[in-house]
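A short worksheet on the structure shown next.
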Amino acid sequence: MVHLSTLVAGAVGLATVVSAHPGHDVKAEAAERAAALKGIRARSVKQCATELNARGVEASNIARREATLEKIRQERNLNGPLLKARDLTPLNTSHHSDLVVDLAVDPEVLFSSGGTCVLAEDVTQGPYYVTGELIRNNLVEDQEGVPLYLDIQLIDANTCEPVPDTFIDFWHCNSTGVYSGVVASGNGDSSDESNLDSTFLRGLQRTDTLGVAQFHTLFPGHYTGRATHIHVLSHPANETTVNRNNNTISGLYTASSSHVGQIFFDQDLISLVEETEHYATNTQELTTNAEDSILLQELEDDIDPFVEYVLLGEDVSDGVFAWISVVVDSSESTSVTPAAYLTEDGGVENENSGMGGPGGGAGGPPGGVPSGVPSGVPPS
């Protein structure tokens with residue numbers, strides 16, 4: 001039976017994410033990542049398949065993904081009969097396929113889990129991480145681009161059990177390669193101080209009883225030196241509480257994580273998106289998956305960090321529905337160094353962070369703790 005996974009197997013686990021940010025030395029990051037990966041501990045979703053099936057987790061995954069896709073299509077008035085998918089192919093070859101399936105296709109074929117998730121030691125939380133962001137599933141705000149709906153599931157590496165009640169931080173750049181929440185050279189207009197207060201394409205969700213969280217965002221753009229990607233950070237479940245007065249989580253200045261990673265996209269899908277209106281205006285140099293030294297390092301170690309996906313309609317501009325399973329060690333708790341803090345008075349840069357990339361400092365707030373609490377006012 002053909003597995004119609006439209007991107008390679010739901011597997012991130014890039015917990016060793018030593019992510020680049022605009023202007024950073026990608027080669028240095030790749031070298032640091034290579035050293036970290038020597039101690040990698042990997043576990044496949046397939047290795048957990050028997051246990052997940054026995055507990056009905058995989059059946060729930062298939063039903064949820066099918067229902068979510070249908071709901072999104074109805075909400076967007078996309079009633080066309082076709083969904084384009086691809087056959088499972090090696091990561092180092094073209095992922096293009098002319099395979100076409102209709103909505104009558106066996107859901108077990110289309111939406112089953114697969115692939116390899118890996119767990120490695122955290123090295124850094126990646127670039128431009130900002131604490132104090134809102135708990136929400138719609139991250140779009142006023143940004144424009146190709147709609148992306150992501151279903152992400154956390155699986156514990158030690159038990160093969162879903163990881164419930166865990167907050168997932170999610171952030172990425174916009175269609176022209178700019179991150180919100182930070183002001184830095186190489187990140188859009190570095191003279192625009194107002195970007196420190198912006199929150200687009202950032203947010204958190206808590207996983208449900210099956211370890212699942214869903215986000216509505218936009219397909220990320222690209223910036224010089226890195227392939228298209230999204231950052232994911234999971235917080236230790238027993239160390240995280242909700243600030244009910246402003247819809248954020250605790251730990252503005254003491255953030256910690258049980259997993260840090262990045263997820264990637266098929267190059268053929270990226271190429272389709274890059275041809276659409278808003279992405280085509282991006283003047284930064286495009287780095288392909290095959291040219292991304294950090295991604296290539298992952299692949300050399302048999303890491304499969306790509307989402308599976310289907311197109312919502314007959315054109316990529318109609319949107320993308322993607323899903324991925326991430327293996328984490330839920331017992332881990334590592335302190336993280338944010339690039340900035342979002343307080344009730346707006347964004348405050350962490351001068352000790354190195355912008356959240358490798359080599360960051362202790363991560364304490366600049367000049368002590370800024371006044372106020374994380375912003376709880378939903379962006380307009």
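As shown in the structure tokens, the chain order sets the letters A, B, ...; within each chain, residues go from 1, and ligands are also counted from 1 in the order they appear.
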Give me every strand (DSSP E or B) residue in segment 152-193 of chain A, going by DSSP on the backbone, as a PyMOL selection string. chain A and resi 152-156+162+167-171
Spatial neighbours of segment 55-57 of chain A, max dist 12 Å, only C-alpha atoms, sep filter under 4 positions, as a PyMOL selection string: chain A and resi 45+48-51+61-64+112-113+153-155+160-163+209-212+325
So that I have them on file, write out the residues from the current selection with N, CA, C and O atoms, as a compact mmCIF listing (two decimals), in the first residue's frame.
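Result went into part29.txt, see below:
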# COMPACT_ATOMS: atom_id res chain seq x y z
N VAL A 45 9.08 7.01 15.45
CA VAL A 45 7.65 6.83 15.68
C VAL A 45 7.26 5.41 15.29
O VAL A 45 6.41 4.78 15.92
N CYS A 48 7.60 2.97 17.97
CA CYS A 48 6.52 3.06 18.96
C CYS A 48 5.18 2.63 18.38
O CYS A 48 4.17 2.66 19.09
N ALA A 49 5.17 2.25 17.11
CA ALA A 49 3.91 2.03 16.41
C ALA A 49 3.02 1.00 17.10
O ALA A 49 1.80 1.19 17.22
N THR A 50 3.59 -0.11 17.53
CA THR A 50 2.79 -1.16 18.16
C THR A 50 2.08 -0.65 19.40
O THR A 50 0.88 -0.88 19.60
N GLU A 51 2.84 0.06 20.25
CA GLU A 51 2.25 0.59 21.48
C GLU A 51 1.21 1.68 21.18
O GLU A 51 0.15 1.72 21.80
N ASN A 61 -5.12 9.81 15.70
CA ASN A 61 -4.36 10.72 14.84
C ASN A 61 -4.97 10.79 13.44
O ASN A 61 -5.16 11.87 12.88
N ILE A 62 -5.26 9.63 12.89
CA ILE A 62 -5.80 9.57 11.53
C ILE A 62 -7.16 10.27 11.47
O ILE A 62 -7.42 11.08 10.58
N ALA A 63 -8.03 9.97 12.43
CA ALA A 63 -9.36 10.58 12.44
C ALA A 63 -9.28 12.08 12.64
O ALA A 63 -10.00 12.85 12.00
N ARG A 64 -8.39 12.53 13.53
CA ARG A 64 -8.26 13.97 13.79
C ARG A 64 -7.76 14.71 12.56
O ARG A 64 -8.28 15.78 12.20
N SER A 112 -1.66 8.49 8.22
CA SER A 112 -0.94 7.72 9.23
C SER A 112 0.42 8.34 9.51
O SER A 112 0.98 9.05 8.68
N SER A 113 0.97 8.07 10.69
CA SER A 113 2.27 8.61 11.07
C SER A 113 3.36 7.76 10.44
O SER A 113 3.16 6.61 10.09
N GLN A 153 2.32 16.82 17.19
CA GLN A 153 2.11 15.92 18.31
C GLN A 153 3.44 15.61 18.99
O GLN A 153 4.44 15.31 18.33
N LEU A 154 3.45 15.69 20.34
CA LEU A 154 4.63 15.35 21.11
C LEU A 154 4.52 13.92 21.63
O LEU A 154 3.50 13.54 22.20
N ILE A 155 5.60 13.14 21.42
CA ILE A 155 5.67 11.77 21.91
C ILE A 155 6.89 11.66 22.82
O ILE A 155 7.98 12.14 22.47
N CYS A 160 7.05 6.17 24.76
CA CYS A 160 6.19 6.13 23.57
C CYS A 160 4.78 6.62 23.88
O CYS A 160 3.84 6.34 23.14
N GLU A 161 4.63 7.34 24.95
CA GLU A 161 3.34 7.92 25.31
C GLU A 161 3.24 9.34 24.78
O GLU A 161 4.23 10.06 24.73
N PRO A 162 2.04 9.79 24.37
CA PRO A 162 1.85 11.20 24.05
C PRO A 162 2.17 12.06 25.27
O PRO A 162 2.03 11.61 26.40
N VAL A 163 2.59 13.28 25.02
CA VAL A 163 2.95 14.20 26.11
C VAL A 163 1.86 15.27 26.22
O VAL A 163 1.83 16.23 25.45
N THR A 209 -4.82 15.77 25.47
CA THR A 209 -4.55 14.47 26.08
C THR A 209 -3.76 13.54 25.17
O THR A 209 -3.13 12.59 25.63
N LEU A 210 -3.79 13.80 23.87
CA LEU A 210 -3.01 13.01 22.92
C LEU A 210 -1.72 13.70 22.51
O LEU A 210 -1.08 13.34 21.53
N GLY A 211 -1.34 14.72 23.28
CA GLY A 211 -0.08 15.40 23.01
C GLY A 211 -0.12 16.29 21.78
O GLY A 211 0.94 16.60 21.22
N VAL A 212 -1.31 16.72 21.37
CA VAL A 212 -1.48 17.43 20.10
C VAL A 212 -1.77 18.92 20.33
O VAL A 212 -2.54 19.29 21.22
N SER A 325 5.03 14.55 14.02
CA SER A 325 5.16 14.05 15.38
C SER A 325 6.58 14.29 15.86
O SER A 325 7.53 14.05 15.11
My list of candidates is A:Tyr149, A:Asp192, A:Ser256, A:Glu277. Which is closest to Glu332 of chain A when distances are computed with only C-alpha atoms? A:Ser256
Shell of 9 Å around segment 283-289 of chain A, only C-alpha atoms, local chain residues under 4 positions omitted, as a ChimeraX atom specification: /A:176-177,222-228,264-267,270,293,295-296
I need the residues from that last selection saved to file as a PDB file, in the first residue's frame (with N, CA, C and O atoms), if you can.
ATOM      1  N   THR A 176       8.670  37.716   3.750  1.00  0.00           N
ATOM      2  CA  THR A 176       9.880  38.378   3.243  1.00  0.00           C
ATOM      3  C   THR A 176      11.080  38.147   4.146  1.00  0.00           C
ATOM      4  O   THR A 176      12.083  38.853   4.048  1.00  0.00           O
ATOM      5  N   GLY A 177      10.992  37.172   5.043  1.00  0.00           N
ATOM      6  CA  GLY A 177      12.154  36.774   5.831  1.00  0.00           C
ATOM      7  C   GLY A 177      12.402  37.579   7.082  1.00  0.00           C
ATOM      8  O   GLY A 177      13.537  37.596   7.581  1.00  0.00           O
ATOM      9  N   HIS A 222      11.904  33.096   3.505  1.00  0.00           N
ATOM     10  CA  HIS A 222      13.306  32.717   3.665  1.00  0.00           C
ATOM     11  C   HIS A 222      14.151  33.949   3.948  1.00  0.00           C
ATOM     12  O   HIS A 222      13.732  35.076   3.688  1.00  0.00           O
ATOM     13  N   TYR A 223      15.330  33.718   4.494  1.00  0.00           N
ATOM     14  CA  TYR A 223      16.314  34.786   4.630  1.00  0.00           C
ATOM     15  C   TYR A 223      17.686  34.220   4.309  1.00  0.00           C
ATOM     16  O   TYR A 223      17.894  33.008   4.283  1.00  0.00           O
ATOM     17  N   THR A 224      18.630  35.110   4.055  1.00  0.00           N
ATOM     18  CA  THR A 224      19.950  34.721   3.574  1.00  0.00           C
ATOM     19  C   THR A 224      20.640  33.746   4.522  1.00  0.00           C
ATOM     20  O   THR A 224      20.719  33.982   5.727  1.00  0.00           O
ATOM     21  N   GLY A 225      21.107  32.636   3.976  1.00  0.00           N
ATOM     22  CA  GLY A 225      21.930  31.703   4.730  1.00  0.00           C
ATOM     23  C   GLY A 225      21.208  30.504   5.298  1.00  0.00           C
ATOM     24  O   GLY A 225      21.848  29.568   5.768  1.00  0.00           O
ATOM     25  N   ARG A 226      19.865  30.493   5.291  1.00  0.00           N
ATOM     26  CA  ARG A 226      19.120  29.380   5.851  1.00  0.00           C
ATOM     27  C   ARG A 226      17.999  28.949   4.927  1.00  0.00           C
ATOM     28  O   ARG A 226      17.376  29.761   4.266  1.00  0.00           O
ATOM     29  N   ALA A 227      17.724  27.642   4.935  1.00  0.00           N
ATOM     30  CA  ALA A 227      16.559  27.124   4.235  1.00  0.00           C
ATOM     31  C   ALA A 227      15.302  27.474   5.039  1.00  0.00           C
ATOM     32  O   ALA A 227      15.368  27.800   6.222  1.00  0.00           O
ATOM     33  N   THR A 228      14.169  27.407   4.396  1.00  0.00           N
ATOM     34  CA  THR A 228      12.885  27.721   5.035  1.00  0.00           C
ATOM     35  C   THR A 228      12.624  26.774   6.207  1.00  0.00           C
ATOM     36  O   THR A 228      12.733  25.558   6.078  1.00  0.00           O
ATOM     37  N   PHE A 264      11.149  21.489   8.798  1.00  0.00           N
ATOM     38  CA  PHE A 264      11.460  21.915   7.439  1.00  0.00           C
ATOM     39  C   PHE A 264      10.383  21.459   6.460  1.00  0.00           C
ATOM     40  O   PHE A 264       9.483  20.691   6.808  1.00  0.00           O
ATOM     41  N   PHE A 265      10.524  21.926   5.212  1.00  0.00           N
ATOM     42  CA  PHE A 265       9.520  21.673   4.179  1.00  0.00           C
ATOM     43  C   PHE A 265      10.194  21.170   2.908  1.00  0.00           C
ATOM     44  O   PHE A 265      11.335  21.518   2.596  1.00  0.00           O
ATOM     45  N   ASP A 266       9.436  20.383   2.167  1.00  0.00           N
ATOM     46  CA  ASP A 266       9.911  19.878   0.887  1.00  0.00           C
ATOM     47  C   ASP A 266      10.289  21.029  -0.040  1.00  0.00           C
ATOM     48  O   ASP A 266       9.587  22.045  -0.112  1.00  0.00           O
ATOM     49  N   GLN A 267      11.388  20.876  -0.781  1.00  0.00           N
ATOM     50  CA  GLN A 267      11.867  21.960  -1.640  1.00  0.00           C
ATOM     51  C   GLN A 267      10.885  22.284  -2.762  1.00  0.00           C
ATOM     52  O   GLN A 267      10.718  23.448  -3.139  1.00  0.00           O
ATOM     53  N   ILE A 270       8.327  24.516  -1.266  1.00  0.00           N
ATOM     54  CA  ILE A 270       8.908  25.854  -1.077  1.00  0.00           C
ATOM     55  C   ILE A 270       8.920  26.613  -2.389  1.00  0.00           C
ATOM     56  O   ILE A 270       8.571  27.802  -2.449  1.00  0.00           O
ATOM     57  N   SER A 293      23.657  24.043   5.385  1.00  0.00           N
ATOM     58  CA  SER A 293      24.628  23.177   6.054  1.00  0.00           C
ATOM     59  C   SER A 293      24.085  22.604   7.349  1.00  0.00           C
ATOM     60  O   SER A 293      24.455  21.500   7.755  1.00  0.00           O
ATOM     61  N   LEU A 295      20.800  21.818   7.954  1.00  0.00           N
ATOM     62  CA  LEU A 295      19.881  20.748   7.573  1.00  0.00           C
ATOM     63  C   LEU A 295      20.651  19.529   7.065  1.00  0.00           C
ATOM     64  O   LEU A 295      20.326  18.389   7.403  1.00  0.00           O
ATOM     65  N   LEU A 296      21.692  19.751   6.261  1.00  0.00           N
ATOM     66  CA  LEU A 296      22.467  18.638   5.733  1.00  0.00           C
ATOM     67  C   LEU A 296      23.129  17.846   6.849  1.00  0.00           C
ATOM     68  O   LEU A 296      23.270  16.625   6.765  1.00  0.00           O
TER      69      LEU A 296
END
With only C-alpha atoms as the basis for distance, which of A:Leu233, A:Leu52, A:Leu272, A:Leu342 is at the shortest distance from Asp197 of chain A?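 That would be A:Leu342, the residue with the smallest distance to Asp197 of chain A.
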Tell me, in Å to one decimal, how far atom CA of Glu275 of chain A is from atom CA of Asp151 of chain A. 24.9 Å
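In this comparison, which uses only C-alpha atoms, the residue of A:Ala280, A:Ile324, A:Asn174, A:Asn350 approaching Asp142 of chain A most closely is A:Asn174.
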Residues at most 12 Å from Ser194 of chain A, counting only C-alpha atoms, excluding those fewer than 4 positions away in the same chain, as an NGL selection string? :A and (180-184 or 188-190 or 198-199 or 346-349)
Need the shell around Asp165 of chain A: protein/DNA/RNA residues with any atom at most 6 Å away, counting only C-alpha atoms. Skip same-chain ones fewer than 3 positions apart. Format as a PyMOL selection string? chain A and resi 206-208
Restricting the output to N, CA, C and O atoms, write the selected residues as a PDB file, in the first residue's frame.
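out_36.pdb, written as the output of this step:
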ATOM      1  N   ARG A 206      -1.172  24.682  24.219  1.00  0.00           N
ATOM      2  CA  ARG A 206      -0.976  23.569  25.142  1.00  0.00           C
ATOM      3  C   ARG A 206      -1.448  22.290  24.464  1.00  0.00           C
ATOM      4  O   ARG A 206      -2.517  22.253  23.853  1.00  0.00           O
ATOM      5  N   THR A 207      -0.665  21.228  24.578  1.00  0.00           N
ATOM      6  CA  THR A 207      -1.050  19.954  23.981  1.00  0.00           C
ATOM      7  C   THR A 207      -2.230  19.345  24.737  1.00  0.00           C
ATOM      8  O   THR A 207      -2.381  19.527  25.943  1.00  0.00           O
ATOM      9  N   ASP A 208      -3.066  18.609  24.006  1.00  0.00           N
ATOM     10  CA  ASP A 208      -4.225  17.965  24.616  1.00  0.00           C
ATOM     11  C   ASP A 208      -3.838  16.595  25.174  1.00  0.00           C
ATOM     12  O   ASP A 208      -2.645  16.293  25.314  1.00  0.00           O
TER      13      ASP A 208
END
